[in-house]
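Report on one structure; see the data block that follows.
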Amino acid sequence: MAATPEPDVEISPVGQHLVVNLPQTRVLLYQDGVLLRSYPVAVGKQITRTPTGSYSISGIYRDPTWHVPKSIQAEMAKKGQPVKTEVPPGPDNPLGKVFIRFGEPRLGLGFHGTNQPGSVPGVRSHGCVRLKNENALALADWVNPGAQVTIAYQPLLLNEDEAGELWLTAYRDIYGMKDPSYRHLANTLLQWQTDSGKVLYGKRVDMAIRERTGRPVCLSCKDAERATITGALSSKRWLSVDSPADNQEATVPVDGRSMQTRSPVQPS
């Protein structure tokens with residue numbers, strides 16, 4: 001498995017834990033605190049966002065019948081399509097081959113397959129987390145009822161590799177939430193420099209956030225173009241840490257110089 005950037009989520013040290021970072025459009029599968037694998041997903045579009053929060057797996061249903069929500073029935077009517085109340089199992093079922101519910105049934109949330117594999121990954125569902133059928137089936141075979149599920153929203157991820165280098169991965173702010181992580185970024189980078197004794201290259205921070213490619217960018221490597229991730233990536237705990245220092249001005253050395261700012265870069 002290629003090195004997967006991890007969001008700043010406290011992972012259960014015992015049992016199964018599924019984490020979806022919405023801007024990342026992936027689900028990460030942990031067993032006893034260890035990342036086993038991840039799958040691409042499609043999440044809720046802007047007007048039908050997948051809600052963040054903590055849930056648990058509450059049911060696994062193979063070859064499901066899709067009971068069409070009234071809101072989607074209204075969409076069908078508005079588009080002049082035949083209004084369906086149910087879709088039986090089969091190739092036309094948008095739930096694919098399995099539905100894995102998380103949260104209370106009234107929420108209507110779950111992981112499921114699809115009859116449109118080209119729609120994964122993406123930001124286009126009605127709130128559920130959509131996988132390609134083969135991945136949905138593999139997830140159903142692995143996961144148990146009661147497993148923890150965390151839905152997070154983190155457009156910026158900070159990770160360290162096994163060589164101690166710091167990597168920033170920037171994703172699109174898909175719901176226009178103006179990156180809530182910005183207020184933590186400058187002080188986190190300053191503290192990391194102090195603790196590691198390494199200089200961070202601030203121009204790379206600016207580039208990563210401007211371009212938002214979803215590819216990890218090494219902030220501490222001397223040669224960014226030739227930099228490669230050593231081993232696995234592990235999450236830098238920063239968004240889950242809040243202290244009075246977060247509201248203070250930070251002096252962040254960049255490329256051998258210093259910059260007085262609340263954030264090493266401004267949102268683009």
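If you're wondering about the labels, chains in the structure tokens are A, B, ... by order shown, residues count from 1 in each chain, ligands from 1 in order shown.
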
Considering only C-alpha atoms, give me a table of residues in segment 65-84 of chain A that are at most 12 Å from segment 117-132 of chain A, with the closest atom pair and distance in Å for each, as JSON lines.
```
{"residue": "A:Val68", "atom": "CA", "partner": "A:His126", "partner_atom": "CA", "distance": 11.3}
{"residue": "A:Pro69", "atom": "CA", "partner": "A:His126", "partner_atom": "CA", "distance": 10.1}
{"residue": "A:Ser71", "atom": "CA", "partner": "A:His126", "partner_atom": "CA", "distance": 9.7}
{"residue": "A:Ile72", "atom": "CA", "partner": "A:His126", "partner_atom": "CA", "distance": 8.5}
{"residue": "A:Glu75", "atom": "CA", "partner": "A:His126", "partner_atom": "CA", "distance": 11.2}
```

Emit the selected residues as a compact mmCIF listing (two decimals), in the first residue's frame, including C-alpha atoms.
```txt
# COMPACT_ATOMS: atom_id res chain seq x y z
CA VAL A 68 -35.93 5.99 -2.35
CA PRO A 69 -36.02 8.97 0.07
CA SER A 71 -36.23 14.19 -1.26
CA ILE A 72 -34.82 12.12 -4.14
CA GLU A 75 -35.68 15.40 -7.60
```

Quick one: residues within 12 Å of Ala227 of chain A, only C-alpha atoms counted, chain neighbours fewer than 3 positions away excluded, as a VMD selection string?
chain A and resid 161 163 165 to 167 216 to 224 230

Hey, what does DSSP flag as strand (DSSP E or B) within segment 54-239 of chain A? Can you give it to me as a short mmCIF file (atom, residue, chain, number, x, y, z; two decimals) with all heavy atoms, in the first residue's frame?
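What landed in out.cif:
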```
data_model
loop_
_atom_site.label_atom_id
_atom_site.label_comp_id
_atom_site.auth_asym_id
_atom_site.auth_seq_id
_atom_site.Cartn_x
_atom_site.Cartn_y
_atom_site.Cartn_z
N SER A 54 -19.10 11.33 15.01
CA SER A 54 -18.71 9.97 15.43
C SER A 54 -19.94 9.07 15.38
O SER A 54 -21.00 9.42 15.91
CB SER A 54 -18.13 10.00 16.84
OG SER A 54 -16.95 10.79 16.89
N TYR A 55 -19.77 7.90 14.77
CA TYR A 55 -20.86 6.97 14.58
C TYR A 55 -20.35 5.55 14.85
O TYR A 55 -19.20 5.36 15.25
CB TYR A 55 -21.40 7.04 13.15
CG TYR A 55 -21.78 8.42 12.67
CD1 TYR A 55 -20.84 9.24 12.02
CD2 TYR A 55 -23.06 8.91 12.84
CE1 TYR A 55 -21.19 10.51 11.58
CE2 TYR A 55 -23.42 10.17 12.39
CZ TYR A 55 -22.48 10.97 11.77
OH TYR A 55 -22.82 12.22 11.33
N SER A 56 -21.21 4.57 14.62
CA SER A 56 -20.78 3.18 14.65
C SER A 56 -21.55 2.40 13.60
O SER A 56 -22.64 2.82 13.18
CB SER A 56 -20.98 2.56 16.04
OG SER A 56 -22.35 2.57 16.40
N ILE A 57 -20.97 1.30 13.15
CA ILE A 57 -21.63 0.45 12.17
C ILE A 57 -22.85 -0.20 12.82
O ILE A 57 -22.75 -0.84 13.86
CB ILE A 57 -20.68 -0.63 11.63
CG1 ILE A 57 -19.47 0.02 10.93
CG2 ILE A 57 -21.41 -1.58 10.69
CD1 ILE A 57 -19.82 0.82 9.69
N SER A 58 -24.02 -0.02 12.19
CA SER A 58 -25.26 -0.50 12.80
C SER A 58 -26.00 -1.52 11.94
O SER A 58 -27.11 -1.93 12.29
CB SER A 58 -26.20 0.68 13.10
OG SER A 58 -26.38 1.50 11.96
N GLY A 59 -25.42 -1.93 10.83
CA GLY A 59 -26.06 -2.96 10.03
C GLY A 59 -25.35 -3.18 8.71
O GLY A 59 -24.77 -2.24 8.15
N ILE A 60 -25.36 -4.41 8.21
CA ILE A 60 -24.76 -4.76 6.93
C ILE A 60 -25.82 -5.51 6.11
O ILE A 60 -26.33 -6.54 6.56
CB ILE A 60 -23.50 -5.63 7.12
CG1 ILE A 60 -22.46 -4.89 7.97
CG2 ILE A 60 -22.91 -6.02 5.76
CD1 ILE A 60 -21.25 -5.74 8.36
N TYR A 61 -26.14 -4.98 4.93
CA TYR A 61 -27.23 -5.52 4.12
C TYR A 61 -26.72 -5.80 2.71
O TYR A 61 -26.40 -4.87 1.97
CB TYR A 61 -28.39 -4.53 4.08
CG TYR A 61 -28.80 -4.03 5.46
CD1 TYR A 61 -28.23 -2.85 5.96
CD2 TYR A 61 -29.70 -4.73 6.24
CE1 TYR A 61 -28.58 -2.39 7.23
CE2 TYR A 61 -30.06 -4.27 7.50
CZ TYR A 61 -29.49 -3.11 8.00
OH TYR A 61 -29.83 -2.66 9.25
N ARG A 62 -26.68 -7.07 2.35
CA ARG A 62 -26.22 -7.46 1.02
C ARG A 62 -27.39 -7.51 0.04
O ARG A 62 -28.52 -7.83 0.43
CB ARG A 62 -25.49 -8.81 1.09
CG ARG A 62 -24.22 -8.74 1.96
CD ARG A 62 -23.54 -10.09 2.08
NE ARG A 62 -22.42 -10.03 3.00
CZ ARG A 62 -21.17 -9.69 2.67
NH1 ARG A 62 -20.89 -9.39 1.41
NH2 ARG A 62 -20.21 -9.66 3.58
N TRP A 66 -33.27 -0.52 -2.52
CA TRP A 66 -33.14 0.91 -2.22
C TRP A 66 -34.53 1.51 -2.03
O TRP A 66 -35.34 1.53 -2.95
CB TRP A 66 -32.41 1.62 -3.36
CG TRP A 66 -32.18 3.10 -3.10
CD1 TRP A 66 -31.84 3.68 -1.92
CD2 TRP A 66 -32.25 4.15 -4.06
NE1 TRP A 66 -31.69 5.04 -2.06
CE2 TRP A 66 -31.94 5.36 -3.38
CE3 TRP A 66 -32.54 4.20 -5.42
CZ2 TRP A 66 -31.92 6.60 -4.02
CZ3 TRP A 66 -32.52 5.43 -6.07
CH2 TRP A 66 -32.20 6.63 -5.37
N HIS A 67 -34.81 1.95 -0.84
CA HIS A 67 -36.05 2.66 -0.54
C HIS A 67 -35.77 4.14 -0.79
O HIS A 67 -35.08 4.79 0.00
CB HIS A 67 -36.49 2.39 0.90
CG HIS A 67 -36.72 0.93 1.18
ND1 HIS A 67 -37.88 0.28 0.81
CD2 HIS A 67 -35.92 0.00 1.76
CE1 HIS A 67 -37.79 -0.99 1.16
NE2 HIS A 67 -36.62 -1.19 1.74
N GLU A 86 -39.06 2.43 -4.76
CA GLU A 86 -38.13 1.36 -4.43
C GLU A 86 -37.38 0.93 -5.69
O GLU A 86 -37.93 0.98 -6.79
CB GLU A 86 -38.84 0.14 -3.84
CG GLU A 86 -39.41 0.34 -2.45
CD GLU A 86 -39.96 -0.96 -1.88
OE1 GLU A 86 -40.03 -1.96 -2.65
OE2 GLU A 86 -40.29 -0.99 -0.69
N VAL A 87 -36.14 0.51 -5.50
CA VAL A 87 -35.37 -0.09 -6.59
C VAL A 87 -34.86 -1.44 -6.08
O VAL A 87 -34.12 -1.48 -5.09
CB VAL A 87 -34.19 0.80 -7.02
CG1 VAL A 87 -33.37 0.11 -8.11
CG2 VAL A 87 -34.68 2.16 -7.50
N VAL A 98 -24.05 -3.91 -1.75
CA VAL A 98 -24.10 -3.96 -0.29
C VAL A 98 -24.31 -2.56 0.28
O VAL A 98 -23.86 -1.57 -0.31
CB VAL A 98 -22.81 -4.60 0.29
CG1 VAL A 98 -21.59 -3.71 0.05
CG2 VAL A 98 -22.96 -4.93 1.77
N PHE A 99 -25.02 -2.50 1.41
CA PHE A 99 -25.21 -1.25 2.14
C PHE A 99 -24.77 -1.50 3.58
O PHE A 99 -25.26 -2.43 4.23
CB PHE A 99 -26.67 -0.81 2.11
CG PHE A 99 -26.93 0.50 2.82
CD1 PHE A 99 -26.70 1.70 2.17
CD2 PHE A 99 -27.39 0.53 4.13
CE1 PHE A 99 -26.93 2.91 2.82
CE2 PHE A 99 -27.63 1.73 4.78
CZ PHE A 99 -27.39 2.93 4.12
N ILE A 100 -23.84 -0.69 4.07
CA ILE A 100 -23.28 -0.83 5.41
C ILE A 100 -23.69 0.43 6.19
O ILE A 100 -23.10 1.50 6.03
CB ILE A 100 -21.75 -0.96 5.36
CG1 ILE A 100 -21.34 -2.11 4.42
CG2 ILE A 100 -21.18 -1.17 6.76
CD1 ILE A 100 -19.87 -2.11 4.06
N ARG A 101 -24.70 0.28 7.01
CA ARG A 101 -25.25 1.44 7.71
C ARG A 101 -24.33 1.90 8.84
O ARG A 101 -23.76 1.07 9.56
CB ARG A 101 -26.63 1.11 8.28
CG ARG A 101 -27.34 2.31 8.91
CD ARG A 101 -28.66 1.92 9.55
NE ARG A 101 -29.59 1.29 8.62
CZ ARG A 101 -30.30 1.97 7.71
NH1 ARG A 101 -30.17 3.29 7.61
NH2 ARG A 101 -31.12 1.32 6.90
N PHE A 102 -24.19 3.22 8.98
CA PHE A 102 -23.58 3.76 10.20
C PHE A 102 -24.50 4.83 10.77
O PHE A 102 -25.15 5.57 10.04
CB PHE A 102 -22.16 4.28 9.97
CG PHE A 102 -22.00 5.40 8.99
CD1 PHE A 102 -22.18 6.72 9.36
CD2 PHE A 102 -21.63 5.13 7.67
CE1 PHE A 102 -21.99 7.76 8.45
CE2 PHE A 102 -21.45 6.17 6.75
CZ PHE A 102 -21.63 7.49 7.15
N GLY A 110 -24.71 5.60 5.25
CA GLY A 110 -24.03 4.32 5.13
C GLY A 110 -22.95 4.34 4.07
O GLY A 110 -22.85 5.27 3.25
N PHE A 111 -22.12 3.31 4.10
CA PHE A 111 -21.19 3.00 3.02
C PHE A 111 -21.94 2.07 2.07
O PHE A 111 -22.64 1.16 2.52
CB PHE A 111 -19.95 2.28 3.55
CG PHE A 111 -19.16 3.05 4.57
CD1 PHE A 111 -19.37 2.86 5.93
CD2 PHE A 111 -18.19 3.95 4.18
CE1 PHE A 111 -18.63 3.55 6.87
CE2 PHE A 111 -17.44 4.66 5.11
CZ PHE A 111 -17.67 4.46 6.47
N HIS A 112 -21.78 2.26 0.79
CA HIS A 112 -22.45 1.35 -0.14
C HIS A 112 -21.72 1.31 -1.47
O HIS A 112 -20.87 2.15 -1.77
CB HIS A 112 -23.92 1.74 -0.33
CG HIS A 112 -24.16 3.08 -0.95
ND1 HIS A 112 -24.00 3.32 -2.30
CD2 HIS A 112 -24.56 4.26 -0.41
CE1 HIS A 112 -24.30 4.58 -2.56
NE2 HIS A 112 -24.63 5.18 -1.43
N GLY A 122 -15.16 11.12 -5.68
CA GLY A 122 -15.78 12.36 -6.08
C GLY A 122 -16.58 12.98 -4.95
O GLY A 122 -16.59 12.50 -3.82
N VAL A 123 -17.25 14.07 -5.30
CA VAL A 123 -18.10 14.81 -4.35
C VAL A 123 -19.46 14.91 -5.03
O VAL A 123 -19.77 15.89 -5.70
CB VAL A 123 -17.52 16.21 -4.05
CG1 VAL A 123 -18.36 16.94 -3.02
CG2 VAL A 123 -16.07 16.10 -3.58
N ARG A 124 -20.28 13.86 -4.90
CA ARG A 124 -21.49 13.82 -5.72
C ARG A 124 -22.62 12.97 -5.14
O ARG A 124 -23.64 12.79 -5.78
CB ARG A 124 -21.15 13.28 -7.12
CG ARG A 124 -20.36 11.98 -7.13
CD ARG A 124 -20.12 11.49 -8.56
NE ARG A 124 -19.41 12.45 -9.37
CZ ARG A 124 -18.08 12.50 -9.47
NH1 ARG A 124 -17.33 11.67 -8.78
NH2 ARG A 124 -17.50 13.39 -10.25
N SER A 125 -22.50 12.47 -3.93
CA SER A 125 -23.56 11.63 -3.38
C SER A 125 -24.63 12.49 -2.70
O SER A 125 -24.50 13.71 -2.59
CB SER A 125 -22.98 10.62 -2.38
OG SER A 125 -22.77 11.22 -1.11
N VAL A 129 -21.63 7.48 1.79
CA VAL A 129 -20.24 7.31 1.35
C VAL A 129 -20.24 6.16 0.35
O VAL A 129 -20.49 5.01 0.70
CB VAL A 129 -19.31 7.01 2.54
CG1 VAL A 129 -17.88 6.81 2.05
CG2 VAL A 129 -19.38 8.15 3.57
N ARG A 130 -19.96 6.48 -0.89
CA ARG A 130 -20.08 5.55 -2.02
C ARG A 130 -18.72 4.94 -2.37
O ARG A 130 -17.72 5.66 -2.47
CB ARG A 130 -20.64 6.31 -3.21
CG ARG A 130 -20.94 5.50 -4.44
CD ARG A 130 -21.32 6.40 -5.61
NE ARG A 130 -22.43 7.31 -5.31
CZ ARG A 130 -22.84 8.26 -6.12
NH1 ARG A 130 -22.23 8.44 -7.29
NH2 ARG A 130 -23.85 9.03 -5.78
N GLN A 148 -16.27 1.54 15.11
CA GLN A 148 -16.34 2.99 15.17
C GLN A 148 -16.17 3.59 13.78
O GLN A 148 -15.41 3.09 12.94
CB GLN A 148 -15.24 3.54 16.08
CG GLN A 148 -15.41 3.17 17.55
CD GLN A 148 -14.40 3.88 18.42
OE1 GLN A 148 -14.22 5.09 18.35
NE2 GLN A 148 -13.72 3.11 19.28
N VAL A 149 -16.88 4.70 13.55
CA VAL A 149 -16.78 5.45 12.30
C VAL A 149 -16.61 6.93 12.66
O VAL A 149 -17.38 7.47 13.45
CB VAL A 149 -18.03 5.28 11.42
CG1 VAL A 149 -17.93 6.14 10.16
CG2 VAL A 149 -18.25 3.82 11.06
N THR A 150 -15.60 7.56 12.09
CA THR A 150 -15.39 8.99 12.26
C THR A 150 -15.43 9.66 10.90
O THR A 150 -14.70 9.27 9.99
CB THR A 150 -14.04 9.30 12.93
OG1 THR A 150 -14.01 8.69 14.23
CG2 THR A 150 -13.84 10.81 13.09
N ILE A 151 -16.30 10.66 10.75
CA ILE A 151 -16.34 11.47 9.54
C ILE A 151 -15.74 12.82 9.89
O ILE A 151 -16.25 13.55 10.74
CB ILE A 151 -17.79 11.66 9.03
CG1 ILE A 151 -18.50 10.31 8.90
CG2 ILE A 151 -17.77 12.40 7.69
CD1 ILE A 151 -17.92 9.38 7.87
N ALA A 152 -14.61 13.15 9.26
CA ALA A 152 -13.86 14.37 9.57
C ALA A 152 -13.85 15.30 8.36
O ALA A 152 -14.14 14.89 7.24
CB ALA A 152 -12.43 14.02 9.98
N LEU A 156 -6.31 20.22 5.13
CA LEU A 156 -4.86 20.23 5.26
C LEU A 156 -4.42 19.14 6.21
O LEU A 156 -4.91 19.07 7.35
CB LEU A 156 -4.36 21.58 5.78
CG LEU A 156 -4.71 22.83 4.98
CD1 LEU A 156 -4.10 24.06 5.63
CD2 LEU A 156 -4.22 22.70 3.54
N LEU A 157 -3.50 18.28 5.76
CA LEU A 157 -2.99 17.19 6.59
C LEU A 157 -1.49 17.36 6.78
O LEU A 157 -0.76 17.61 5.83
CB LEU A 157 -3.27 15.83 5.95
CG LEU A 157 -4.73 15.50 5.60
CD1 LEU A 157 -4.82 14.06 5.10
CD2 LEU A 157 -5.65 15.74 6.77
N LEU A 158 -1.05 17.23 8.01
CA LEU A 158 0.38 17.23 8.33
C LEU A 158 0.76 15.83 8.80
O LEU A 158 0.12 15.28 9.70
CB LEU A 158 0.69 18.24 9.44
CG LEU A 158 0.72 19.72 9.04
CD1 LEU A 158 0.90 20.58 10.27
CD2 LEU A 158 1.82 20.00 8.03
N ASN A 159 1.78 15.26 8.15
CA ASN A 159 2.24 13.92 8.49
C ASN A 159 3.76 13.88 8.56
O ASN A 159 4.44 14.65 7.87
CB ASN A 159 1.77 12.91 7.44
CG ASN A 159 0.29 12.59 7.53
OD1 ASN A 159 -0.09 11.51 7.98
ND2 ASN A 159 -0.56 13.52 7.12
N GLU A 160 4.26 12.98 9.38
CA GLU A 160 5.70 12.71 9.43
C GLU A 160 5.95 11.33 8.85
O GLU A 160 5.16 10.40 9.07
CB GLU A 160 6.21 12.77 10.87
CG GLU A 160 6.14 14.17 11.48
CD GLU A 160 6.59 14.17 12.93
OE1 GLU A 160 6.17 13.25 13.67
OE2 GLU A 160 7.33 15.07 13.33
N LEU A 166 8.68 16.21 7.48
CA LEU A 166 7.32 16.69 7.62
C LEU A 166 6.70 16.92 6.24
O LEU A 166 7.29 17.59 5.39
CB LEU A 166 7.30 18.00 8.42
CG LEU A 166 5.91 18.55 8.76
CD1 LEU A 166 5.19 17.61 9.73
CD2 LEU A 166 6.01 19.95 9.35
N TRP A 167 5.50 16.39 6.05
CA TRP A 167 4.81 16.46 4.77
C TRP A 167 3.45 17.14 4.95
O TRP A 167 2.73 16.87 5.91
CB TRP A 167 4.59 15.05 4.19
CG TRP A 167 5.87 14.33 3.89
CD1 TRP A 167 6.71 13.73 4.80
CD2 TRP A 167 6.47 14.14 2.61
NE1 TRP A 167 7.80 13.19 4.15
CE2 TRP A 167 7.68 13.42 2.80
CE3 TRP A 167 6.11 14.50 1.31
CZ2 TRP A 167 8.52 13.05 1.76
CZ3 TRP A 167 6.95 14.13 0.26
CH2 TRP A 167 8.13 13.43 0.49
N LEU A 168 3.12 18.01 4.01
CA LEU A 168 1.82 18.69 3.98
C LEU A 168 1.05 18.22 2.76
O LEU A 168 1.55 18.26 1.64
CB LEU A 168 2.01 20.21 3.92
CG LEU A 168 0.76 21.06 3.68
CD1 LEU A 168 -0.22 20.93 4.85
CD2 LEU A 168 1.13 22.52 3.45
N THR A 169 -0.18 17.79 2.96
CA THR A 169 -1.06 17.41 1.87
C THR A 169 -2.27 18.33 1.90
O THR A 169 -2.95 18.42 2.93
CB THR A 169 -1.52 15.95 1.98
OG1 THR A 169 -0.38 15.11 2.20
CG2 THR A 169 -2.24 15.51 0.72
N ALA A 170 -2.53 19.02 0.80
CA ALA A 170 -3.63 19.98 0.73
C ALA A 170 -4.67 19.49 -0.27
O ALA A 170 -4.35 19.19 -1.43
CB ALA A 170 -3.13 21.36 0.32
N VAL A 217 3.55 17.07 0.00
CA VAL A 217 4.69 17.94 -0.30
C VAL A 217 5.60 17.97 0.92
O VAL A 217 5.14 18.24 2.03
CB VAL A 217 4.23 19.37 -0.65
CG1 VAL A 217 5.43 20.30 -0.82
CG2 VAL A 217 3.36 19.36 -1.90
N CYS A 218 6.88 17.68 0.72
CA CYS A 218 7.81 17.67 1.85
C CYS A 218 8.20 19.10 2.19
O CYS A 218 8.75 19.83 1.35
CB CYS A 218 9.05 16.85 1.52
SG CYS A 218 10.13 16.63 2.97
N SER A 234 2.59 9.07 9.32
CA SER A 234 1.79 9.08 10.55
C SER A 234 1.33 10.50 10.82
O SER A 234 2.07 11.47 10.59
CB SER A 234 2.59 8.55 11.74
OG SER A 234 3.76 9.32 11.95
N SER A 235 0.13 10.62 11.31
CA SER A 235 -0.48 11.94 11.52
C SER A 235 0.26 12.73 12.58
O SER A 235 0.63 12.21 13.63
CB SER A 235 -1.94 11.78 11.93
OG SER A 235 -2.50 13.03 12.26
#
```

Out of segment 151-223 of chain A, which residues get helix (DSSP H, G or I) from DSSP, as a ChimeraX atom specification?
/A:182-196,202-211

Include N, CA and C atoms and write out the residues we just selected as an mmCIF file, in the first residue's frame.
```cif
data_model
loop_
_atom_site.group_PDB
_atom_site.id
_atom_site.type_symbol
_atom_site.label_atom_id
_atom_site.label_comp_id
_atom_site.auth_asym_id
_atom_site.auth_seq_id
_atom_site.Cartn_x
_atom_site.Cartn_y
_atom_site.Cartn_z
ATOM 1 N N TYR A 182 -6.427 26.665 9.437
ATOM 2 C CA TYR A 182 -5.445 27.735 9.251
ATOM 3 C C TYR A 182 -4.950 28.333 10.558
ATOM 4 N N ARG A 183 -5.842 28.508 11.524
ATOM 5 C CA ARG A 183 -5.427 29.203 12.740
ATOM 6 C C ARG A 183 -4.416 28.403 13.552
ATOM 7 N N HIS A 184 -4.294 27.112 13.267
ATOM 8 C CA HIS A 184 -3.321 26.277 13.964
ATOM 9 C C HIS A 184 -2.002 26.138 13.203
ATOM 10 N N LEU A 185 -1.999 26.469 11.921
ATOM 11 C CA LEU A 185 -0.888 26.052 11.075
ATOM 12 C C LEU A 185 0.437 26.700 11.444
ATOM 13 N N ALA A 186 0.467 28.033 11.592
ATOM 14 C CA ALA A 186 1.736 28.730 11.822
ATOM 15 C C ALA A 186 2.421 28.251 13.088
ATOM 16 N N ASN A 187 1.671 28.174 14.185
ATOM 17 C CA ASN A 187 2.293 27.764 15.443
ATOM 18 C C ASN A 187 2.697 26.305 15.423
ATOM 19 N N THR A 188 1.960 25.484 14.694
ATOM 20 C CA THR A 188 2.334 24.079 14.572
ATOM 21 C C THR A 188 3.670 23.946 13.849
ATOM 22 N N LEU A 189 3.829 24.678 12.743
ATOM 23 C CA LEU A 189 5.088 24.613 11.999
ATOM 24 C C LEU A 189 6.247 25.178 12.818
ATOM 25 N N LEU A 190 6.000 26.265 13.538
ATOM 26 C CA LEU A 190 7.043 26.849 14.383
ATOM 27 C C LEU A 190 7.478 25.869 15.459
ATOM 28 N N GLN A 191 6.506 25.226 16.118
ATOM 29 C CA GLN A 191 6.844 24.283 17.177
ATOM 30 C C GLN A 191 7.578 23.066 16.619
ATOM 31 N N TRP A 192 7.175 22.616 15.423
ATOM 32 C CA TRP A 192 7.843 21.460 14.817
ATOM 33 C C TRP A 192 9.306 21.784 14.531
ATOM 34 N N GLN A 193 9.566 22.998 14.025
ATOM 35 C CA GLN A 193 10.950 23.414 13.764
ATOM 36 C C GLN A 193 11.765 23.440 15.053
ATOM 37 N N THR A 194 11.163 23.972 16.104
ATOM 38 C CA THR A 194 11.857 24.047 17.390
ATOM 39 C C THR A 194 12.190 22.657 17.915
ATOM 40 N N ASP A 195 11.223 21.739 17.830
ATOM 41 C CA ASP A 195 11.418 20.391 18.358
ATOM 42 C C ASP A 195 12.387 19.575 17.520
ATOM 43 N N SER A 196 12.340 19.751 16.198
ATOM 44 C CA SER A 196 13.151 18.904 15.313
ATOM 45 C C SER A 196 14.523 19.492 15.009
ATOM 46 N N GLY A 202 8.968 27.538 3.586
ATOM 47 C CA GLY A 202 7.644 28.131 3.571
ATOM 48 C C GLY A 202 7.044 28.284 2.191
ATOM 49 N N LYS A 203 7.875 28.458 1.163
ATOM 50 C CA LYS A 203 7.326 28.594 -0.195
ATOM 51 C C LYS A 203 6.571 27.342 -0.602
ATOM 52 N N ARG A 204 6.980 26.197 -0.062
ATOM 53 C CA ARG A 204 6.291 24.947 -0.394
ATOM 54 C C ARG A 204 4.914 24.897 0.268
ATOM 55 N N VAL A 205 4.799 25.494 1.448
ATOM 56 C CA VAL A 205 3.493 25.583 2.092
ATOM 57 C C VAL A 205 2.543 26.375 1.198
ATOM 58 N N ASP A 206 3.021 27.516 0.731
ATOM 59 C CA ASP A 206 2.221 28.369 -0.138
ATOM 60 C C ASP A 206 1.828 27.633 -1.411
ATOM 61 N N MET A 207 2.777 26.934 -2.006
ATOM 62 C CA MET A 207 2.521 26.210 -3.251
ATOM 63 C C MET A 207 1.484 25.109 -3.038
ATOM 64 N N ALA A 208 1.647 24.328 -1.977
ATOM 65 C CA ALA A 208 0.746 23.212 -1.731
ATOM 66 C C ALA A 208 -0.686 23.691 -1.525
ATOM 67 N N ILE A 209 -0.839 24.783 -0.772
ATOM 68 C CA ILE A 209 -2.183 25.274 -0.481
ATOM 69 C C ILE A 209 -2.786 25.957 -1.701
ATOM 70 N N ARG A 210 -1.954 26.577 -2.504
ATOM 71 C CA ARG A 210 -2.461 27.213 -3.725
ATOM 72 C C ARG A 210 -2.901 26.170 -4.747
ATOM 73 N N GLU A 211 -2.120 25.130 -4.934
ATOM 74 C CA GLU A 211 -2.393 24.149 -5.980
ATOM 75 C C GLU A 211 -3.368 23.053 -5.537
#
```

Using only C-alpha atoms, pick whichever of A:Leu139, A:Leu109, A:Leu233, A:Val241 has the shortest atom-to-atom distance to Val27 of chain A.
A:Leu139

Set out as a tab-separated table a contact list for segment 147-248 of chain A and segment 38-46 of chain A with a cut-off of 10 Å, giving each residue of segment 147-248 of chain A that qualifies its closest atom pair and distance in Å to one decimal, counting only C-alpha atoms, ordered by chain and rising residue number.
```
residue	atom	partner	partner_atom	distance
A:Ile174	CA	A:Gln46	CA	7.4
A:Tyr175	CA	A:Gln46	CA	5.8
A:Gly176	CA	A:Gln46	CA	8.7
```

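Atom CA of Pro89 of chain A to atom CA of Arg106 of chain A spans 21.5 Å [interatomic distance, one decimal].
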
Please list as a VMD selection string every residue within 6 Å of Pro155 of chain A, counting only C-alpha atoms and excluding residues in the same chain fewer than 3 positions away.
chain A and resid 23 170 to 171 173

Hey, can you spit out that residue selection with N, CA and C atoms as a compact mmCIF listing (two decimals), in the first residue's frame?
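Heads up, here's the output in out_9.txt:
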```txt
# COMPACT_ATOMS: atom_id res chain seq x y z
N PRO A 23 -12.63 15.94 2.47
CA PRO A 23 -11.88 16.51 1.33
C PRO A 23 -10.92 15.51 0.68
N ALA A 170 -2.53 19.02 0.80
CA ALA A 170 -3.63 19.98 0.73
C ALA A 170 -4.67 19.49 -0.27
N TYR A 171 -5.92 19.42 0.18
CA TYR A 171 -7.05 19.02 -0.66
C TYR A 171 -7.96 20.21 -0.88
N ASP A 173 -11.07 22.56 -0.65
CA ASP A 173 -12.03 22.85 0.41
C ASP A 173 -13.43 22.65 -0.16
```

Expressed in Å to a single decimal, how great is the separation between atom CA of Leu22 of chain A and atom CA of Lys79 of chain A?
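Rounded to one decimal, the two atoms are 28.0 Å apart.
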
Got a sec: who's within 12 Å of Val14 of chain A, counting only C-alpha atoms, leaving out chain neighbours fewer than 5 positions off, as number ranges by chain?
A: 30-34, 147-148

Atom-to-atom span, atom CA of Gly15 of chain A and atom CA of Asn135 of chain A, Å:
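Going from atom CA of Gly15 of chain A over to atom CA of Asn135 of chain A, I get 20.2 Å.
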